[in-house]
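This is target-v1.txt. It holds compact mmCIF, C-alpha atoms.
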# COMPACT_ATOMS: atom_id res chain seq x y z
CA MET A 1 77.31 39.13 80.11
CA ASP A 2 77.40 35.74 81.81
CA TYR A 3 79.07 35.63 85.20
CA GLY A 4 81.51 32.99 83.91
CA GLN A 5 82.67 35.32 81.12
CA MET A 6 83.57 38.17 83.46
CA ASN A 7 87.15 39.09 84.32
CA LEU A 8 86.77 37.85 87.88
CA GLY A 9 90.45 38.33 88.70
CA SER A 10 90.38 42.04 87.92
CA TRP A 11 87.04 42.50 89.68
CA ALA A 12 88.46 40.86 92.80
CA SER A 13 91.03 43.64 92.87
CA TYR A 14 88.89 46.61 91.91
CA LEU A 15 85.44 45.82 93.33
CA PRO A 16 86.20 47.60 96.65
CA VAL A 17 86.95 50.78 94.65
CA PHE A 18 83.72 50.34 92.67
CA LYS A 19 81.75 50.03 95.92
CA ASN A 20 83.26 53.21 97.37
CA VAL A 21 82.97 55.38 94.29
CA LEU A 22 79.36 54.42 93.50
CA ARG A 23 77.97 53.80 96.97
CA PRO A 24 74.42 55.18 97.45
CA SER A 25 73.91 58.54 99.10
CA GLY A 26 72.83 56.92 102.38
CA ALA A 27 75.81 54.57 102.68
CA VAL A 28 78.33 54.73 105.48
CA ASP A 29 81.61 56.38 104.45
CA PRO A 30 83.64 54.40 103.53
CA VAL A 31 81.72 51.23 102.75
CA SER A 32 84.64 48.85 102.29
CA ASP A 33 88.20 48.47 103.47
CA LEU A 34 90.75 50.10 101.15
CA GLY A 35 93.75 49.23 103.30
CA THR A 36 95.52 47.29 100.55
CA PHE A 37 95.39 50.18 98.11
CA PRO A 38 97.81 53.14 97.82
CA ALA A 39 97.69 55.84 100.46
CA GLY A 40 95.47 58.71 99.46
CA LEU A 41 92.98 56.61 97.45
CA ASN A 42 90.16 56.91 99.96
CA GLU A 43 90.82 60.64 100.31
CA ALA A 44 90.67 61.13 96.53
CA ILE A 45 87.35 59.26 96.33
CA THR A 46 85.92 61.19 99.28
CA GLN A 47 86.94 64.54 97.77
CA ALA A 48 85.54 63.62 94.36
CA ARG A 49 82.19 62.60 95.85
CA ALA A 50 82.07 65.81 97.90
CA SER A 51 82.79 67.90 94.81
CA SER A 52 80.07 66.32 92.65
CA SER A 53 76.66 64.98 93.60
CA GLY A 54 76.75 62.87 90.43
CA PHE A 55 78.51 60.03 92.28
CA SER A 56 75.80 59.55 94.90
CA GLN A 57 73.04 60.18 92.34
CA LEU A 58 74.37 57.42 90.11
CA GLY A 59 74.85 55.21 93.17
CA ASP A 60 71.18 55.71 94.06
CA GLU A 61 70.17 54.91 90.47
CA LEU A 62 72.14 51.66 90.46
CA VAL A 63 70.21 50.40 93.49
CA ASN A 64 67.16 49.65 91.34
CA LEU A 65 68.81 49.49 87.95
CA VAL A 66 71.39 46.83 88.86
CA PHE A 67 70.96 45.59 92.42
CA ASP A 68 67.25 44.72 92.63
CA GLY A 69 66.41 47.56 95.00
CA TYR A 70 68.87 46.59 97.75
CA GLN A 71 70.15 49.84 99.25
CA ASP A 72 72.93 47.98 101.05
CA TRP A 73 74.08 45.98 98.04
CA TYR A 74 77.71 46.94 98.71
CA GLY A 75 77.62 44.82 101.88
CA TYR A 76 76.49 41.64 100.09
CA ASP A 77 78.70 38.77 98.95
CA ASP A 78 81.03 39.82 96.13
CA ASN A 79 79.88 36.94 93.91
CA TRP A 80 76.26 38.13 94.16
CA ILE A 81 77.29 41.71 93.36
CA LEU A 82 79.19 40.58 90.26
CA GLN A 83 76.35 38.33 89.12
CA GLU A 84 73.95 41.28 89.30
CA LEU A 85 76.42 43.54 87.52
CA GLY A 86 77.01 40.91 84.84
CA GLN A 87 73.32 40.93 83.94
CA VAL A 88 73.56 44.51 82.67
CA LEU A 89 77.05 44.49 81.14
CA ASP A 90 77.16 44.10 77.35
CA ASP A 91 78.10 40.66 76.01
CA GLN A 92 81.04 42.00 74.00
CA GLY A 93 82.95 42.96 77.15
CA THR A 94 83.31 46.59 76.06
CA GLN A 95 81.60 48.03 79.13
CA GLU A 96 83.43 45.73 81.53
CA TYR A 97 86.79 46.76 80.07
CA GLY A 98 85.79 50.44 80.19
CA LEU A 99 84.85 50.25 83.85
CA LEU A 100 87.85 48.18 84.96
CA SER A 101 90.38 50.32 83.07
CA ARG A 102 88.98 53.48 84.67
CA LEU A 103 88.98 51.87 88.12
CA ASP A 104 92.63 51.04 87.52
CA ALA A 105 93.24 54.69 86.59
CA ILE A 106 91.72 55.78 89.90
CA VAL A 107 94.08 53.49 91.82
CA THR A 108 97.11 54.58 89.77
CA ALA A 109 96.37 58.29 90.30
CA ALA A 110 95.85 57.92 94.05
CA GLY A 111 97.89 60.45 96.01
CA SER A 112 98.61 62.58 92.93
CA GLU A 113 96.97 65.73 91.62
CA ASN A 114 95.10 63.55 89.10
CA GLY A 115 93.30 61.50 91.71
CA GLU A 116 90.03 63.44 91.69
CA SER A 117 89.93 63.80 87.88
CA ALA A 118 90.37 60.03 87.49
CA CYS A 119 87.28 59.54 89.65
CA THR A 120 85.37 62.07 87.54
CA GLU A 121 86.37 60.25 84.34
CA PHE A 122 85.11 56.98 85.80
CA LEU A 123 81.81 58.62 86.76
CA SER A 124 81.32 59.98 83.23
CA TYR A 125 81.80 56.56 81.68
CA ALA A 126 79.66 54.80 84.31
CA GLU A 127 76.82 57.26 83.61
CA GLN A 128 76.97 56.37 79.91
CA CYS A 129 76.74 52.68 80.77
CA ALA A 130 73.84 53.28 83.16
CA ALA A 131 71.94 55.18 80.46
CA MET A 132 72.23 52.19 78.13
CA TRP A 133 71.27 49.79 80.92
CA GLY A 134 68.19 51.91 81.56
CA GLU A 135 67.16 51.75 77.89
CA ASP A 136 67.61 47.99 77.90
CA ALA A 137 65.56 47.69 81.09
CA VAL A 138 62.70 49.70 79.56
CA GLY A 139 62.79 47.59 76.40
CA ALA A 140 62.68 44.40 78.43
CA ALA A 141 59.89 45.56 80.74
CA VAL A 142 56.66 43.64 80.23
CA LEU A 143 53.70 45.91 79.45
CA GLU A 144 50.19 44.67 80.24
CA GLY A 145 47.58 45.64 77.65
CA THR A 146 43.83 46.26 77.72
CA PRO A 147 41.42 44.66 75.20
CA ASN A 148 40.76 47.08 72.33
CA ASP A 149 37.23 45.76 71.90
CA ALA A 150 35.18 48.42 70.09
CA ASN A 151 37.89 49.84 67.84
CA TRP A 152 39.27 46.45 66.94
CA GLU A 153 35.83 45.07 66.10
CA ALA A 154 35.36 48.01 63.73
CA SER A 155 38.74 47.93 61.98
CA ARG A 156 40.39 44.51 62.52
CA THR A 157 43.78 46.03 61.71
CA PRO A 158 46.38 43.32 62.43
CA GLY A 159 48.33 44.04 65.58
CA THR A 160 45.68 46.13 67.35
CA ARG A 161 43.73 43.65 69.51
CA TYR A 162 45.16 45.14 72.74
CA TYR A 163 46.37 48.60 73.66
CA VAL A 164 48.47 50.20 76.38
CA TYR A 165 49.07 53.85 77.26
CA TYR A 166 52.81 54.29 77.66
CA ASP A 167 55.04 57.37 77.54
CA GLU A 168 52.07 59.63 76.69
CA ARG A 169 50.94 57.64 73.66
CA TYR A 170 48.79 54.63 72.83
CA LEU A 171 50.54 51.48 71.63
CA TYR A 172 49.01 48.31 70.19
CA SER A 173 49.70 44.59 69.96
CA ASP A 174 47.91 41.32 69.28
CA GLU A 175 49.35 39.90 72.49
CA PRO A 176 47.86 40.90 75.86
CA SER A 177 51.33 41.51 77.32
CA GLY A 178 54.89 41.80 76.11
CA PRO A 179 58.06 43.94 76.08
CA LEU A 180 57.96 47.50 74.80
CA SER A 181 59.56 46.38 71.53
CA SER A 182 56.43 44.35 70.70
CA TRP A 183 54.08 47.37 70.92
CA GLU A 184 53.61 49.97 68.15
CA ASP A 185 51.40 53.00 67.61
CA LEU A 186 48.27 52.87 65.45
CA PRO A 187 49.67 54.64 62.34
CA THR A 188 52.53 52.14 62.26
CA ARG A 189 50.13 49.18 62.49
CA GLU A 190 47.89 50.64 59.78
CA ASN A 191 50.83 51.37 57.48
CA LYS A 192 52.26 47.89 57.91
CA ALA A 193 48.91 46.31 57.05
CA ALA A 194 48.57 48.45 53.91
CA GLU A 195 52.18 48.05 52.80
CA SER A 196 52.08 44.25 53.05
CA ALA A 197 48.67 43.98 51.32
CA PHE A 198 48.24 42.42 47.89
CA ARG A 199 45.29 42.10 45.53
CA TRP A 200 42.77 39.39 46.32
CA GLU A 201 43.12 36.96 43.45
CA GLY A 202 39.94 36.70 41.40
CA VAL A 203 38.11 39.49 43.26
CA ASP A 204 38.31 42.94 41.68
CA GLY A 205 38.64 45.92 43.99
CA TRP A 206 39.67 43.92 47.06
CA TRP A 207 42.93 43.43 48.93
CA CYS A 208 44.14 41.06 51.62
CA THR A 209 46.90 41.25 54.20
CA LEU A 210 48.40 38.72 56.61
CA THR A 211 47.19 38.36 60.18
CA ASN A 212 50.70 37.27 61.23
CA GLY A 213 49.67 33.84 62.48
CA GLN A 214 46.70 35.11 64.51
CA THR A 215 44.25 32.95 62.55
CA GLY A 216 41.91 32.28 65.44
CA MET A 217 41.64 35.94 66.34
CA TYR A 218 41.05 37.16 62.78
CA GLY A 219 39.10 34.23 61.39
CA GLY A 220 41.83 33.09 59.05
CA GLU A 221 45.28 33.73 57.66
CA TYR A 222 44.22 37.00 56.03
CA VAL A 223 41.88 39.94 56.54
CA PHE A 224 40.37 41.81 53.60
CA ALA A 225 39.64 45.39 52.58
CA MET A 226 38.22 47.23 49.58
CA GLY A 227 40.18 49.69 47.50
CA THR A 228 41.00 50.70 43.95
CA SER A 229 44.67 51.65 43.85
CA ALA A 230 45.25 50.82 47.54
CA PRO A 231 43.35 49.07 50.34
CA GLU A 232 40.87 51.23 52.18
CA GLY A 233 39.79 50.07 55.62
CA PRO A 234 38.23 48.66 57.58
CA TRP A 235 39.78 45.22 57.37
CA LEU A 236 37.26 42.40 57.43
CA THR A 237 37.23 38.68 58.07
CA HIS A 238 36.96 36.42 55.04
CA GLU A 239 33.37 35.59 55.96
CA ARG A 240 32.31 39.22 56.25
CA ALA A 241 34.08 40.20 53.02
CA GLU A 242 32.26 37.47 51.10
CA GLN A 243 28.94 38.66 52.53
CA LEU A 244 29.56 42.18 51.24
CA ILE A 245 30.63 40.93 47.83
CA ALA A 246 27.48 38.79 47.55
CA THR A 247 25.21 41.75 48.34
CA ALA A 248 27.09 44.30 46.21
CA PRO A 249 25.30 45.93 43.19
CA SER A 250 25.41 43.97 39.93
CA SER A 251 28.26 44.34 37.49
CA GLY A 252 25.92 46.23 35.15
CA ALA A 253 25.63 49.01 37.70
CA ASP A 254 29.38 49.00 38.21
CA SER A 255 29.90 49.49 34.47
CA GLY A 256 27.78 52.65 34.51
CA VAL A 257 24.54 51.19 33.08
CA LEU A 258 21.61 51.96 35.40
CA ASP A 259 18.60 49.69 35.62
CA LEU A 260 15.76 52.18 36.21
CA SER A 261 13.35 49.36 36.95
CA LYS A 262 15.15 48.98 40.25
CA ARG A 263 13.99 51.50 42.83
CA GLU A 264 17.43 52.14 44.35
CA GLN A 265 19.12 52.79 41.01
CA ALA A 266 16.23 54.95 39.78
CA GLN A 267 16.50 57.10 42.88
CA GLN A 268 20.21 57.38 42.34
CA ALA A 269 19.69 58.50 38.72
CA ALA A 270 17.09 61.05 39.73
CA ALA A 271 19.43 62.53 42.28
CA HIS A 272 22.19 62.86 39.70
CA VAL A 273 19.82 64.53 37.18
CA ALA A 274 18.55 66.96 39.79
CA ALA A 275 22.07 67.91 40.80
CA ALA A 276 23.12 68.38 37.18
CA ALA A 277 20.06 70.50 36.45
CA GLN A 278 20.82 72.70 39.40
CA ASP A 279 24.37 73.17 38.13
CA VAL A 280 23.06 74.22 34.72
CA LEU A 281 20.59 76.67 36.24
CA SER A 282 23.32 78.18 38.39
CA THR A 283 25.56 78.57 35.34
CA VAL A 284 22.83 80.29 33.31
CA ILE A 285 21.94 82.65 36.12
CA ASP A 286 25.55 83.53 36.86
CA ALA A 287 26.32 84.15 33.18
CA ALA A 288 23.29 86.37 32.43
CA PRO A 289 21.49 87.38 35.60
CA ASP A 290 19.40 90.03 33.80
CA ALA A 291 18.15 87.60 31.14
CA ALA A 292 17.49 84.90 33.72
CA ALA A 293 15.34 87.30 35.68
CA GLU A 294 12.99 87.67 32.71
CA LEU A 295 12.43 83.87 32.50
CA GLY A 296 9.95 82.07 34.66
CA PRO A 297 10.75 78.91 36.68
CA GLU A 298 9.21 76.58 34.10
CA GLU A 299 11.22 78.12 31.27
CA LEU A 300 14.42 77.78 33.27
CA LYS A 301 13.70 74.10 33.96
CA ARG A 302 13.04 73.53 30.24
CA LEU A 303 16.33 75.15 29.30
CA ALA A 304 18.19 73.08 31.89
CA LEU A 305 16.68 69.83 30.59
CA GLU A 306 17.50 70.77 27.00
CA ALA A 307 21.08 71.42 28.03
CA LEU A 308 21.30 68.08 29.80
CA LYS A 309 19.98 66.29 26.71
CA ALA A 310 22.55 68.03 24.54
CA VAL A 311 25.37 67.01 26.85
CA ALA A 312 24.12 63.40 26.94
CA GLN A 313 23.89 63.20 23.14
CA GLY A 314 27.32 64.74 22.76
CA SER A 315 28.89 62.19 25.12
Would you mind giving the structure from this file in structure tokens?
Amino acid sequence: MDYGQMNLGSWASYLPVFKNVLRPSGAVDPVSDLGTFPAGLNEAITQARASSSGFSQLGDELVNLVFDGYQDWYGYDDNWILQELGQVLDDQGTQEYGLLSRLDAIVTAAGSENGESACTEFLSYAEQCAAMWGEDAVGAAVLEGTPNDANWEASRTPGTRYYVYYDERYLYSDEPSGPLSSWEDLPTRENKAAESAFRWEGVDGWWCTLTNGQTGMYGGEYVFAMGTSAPEGPWLTHERAEQLIATAPSSGADSGVLDLSKREQAQQAAAHVAAAAQDVLSTVIDAAPDAAAELGPEELKRLALEALKAVAQGS
């Protein structure tokens, strides 16, 4: 909330109460003059603080959370105090109204049996506000990352160029520093890359996904990955993807037709035949171990090859 939007008139009246109720544990008692307020107000505040350590604990928390680490903030100029407080109050004015109305209740109940309970009610609401201010402070804190060199070079998943270890987990970003909200864990980055991917037009079996404007870092607007029904990492630059496509086996091999004149494909075929033959032998032996024992190795090989031929002709 901007300082100019605050209810400065009400704060001028109730700020001394605020200072006394939420003064840090090491503050002098009392910290501000309450002479203009009803008799019994200071006593009610003193009794409430003595009955619950929550008042001084919250006062200590506000030193860093609101008042930039100044232990004696309550002795500073009122305008400065309100400017610091305004920086954490919500823009809608809900928190300011909640605090002021409960400060008013403390003043109204002064000298009555409700004086201490009014202070306790204010504390409860102020703790809720402080919890939200703390979350906002964490979200706004700038985290400094470390280059994710080796892993990023291997995967090129968008959003993982830098990492930071925070709150017992690793988080990633393409920026070297930024607020907590700009960092995400690795599964989230990987899922986002896969979910936003689409098929690479004109290139079967390949996908591309946006690099989110990081063209210099990723070598272009997109990175690319292979996959049939979904992209399968790692993600590659356009240049590297084209290199792999250019050196990939011919379309004839992809269609299932092997060129046995090529050493690599011949070796692949031999391996498949050997594995299939072994499967056939295992099946024969398992089905009739006694009969298999009467056959020699050469006869078993012949039977396996005959079975393979029969399967091939049948298909």
Pick from A:Thr94, A:Thr247, A:Ala230, A:Ala130 nearest to Val63 of chain A, counting all atoms listed in the file:
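Under the stated criterion, the closest residue is A:Ala130.
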Surrounding residues of Val142 of chain A excluding itself and chain neighbours under 5 positions, 10 Å, all atoms listed in the file, as a PyMOL selection string
chain A and resi 137+177-182
Have a look at atom CA of Glu221 of chain A and atom CA of Pro249 of chain A and let me know their distance in Å, one decimal.
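These two atoms are separated by 27.5 Å.
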List as a ChimeraX atom specification the residues having at least one atom at most 8 Å from position (87.2, 52.3, 94.4) as given in the file, counting all atoms listed in the file.
/A:14-21,34,41-42,45,103,106-107
May I ask for the distance between atom CA of Phe198 of chain A and atom CA of Gly213 of chain A, given in Å to one decimal place?
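For atom CA of Phe198 of chain A relative to atom CA of Gly213 of chain A, the distance reads 17.0 Å.
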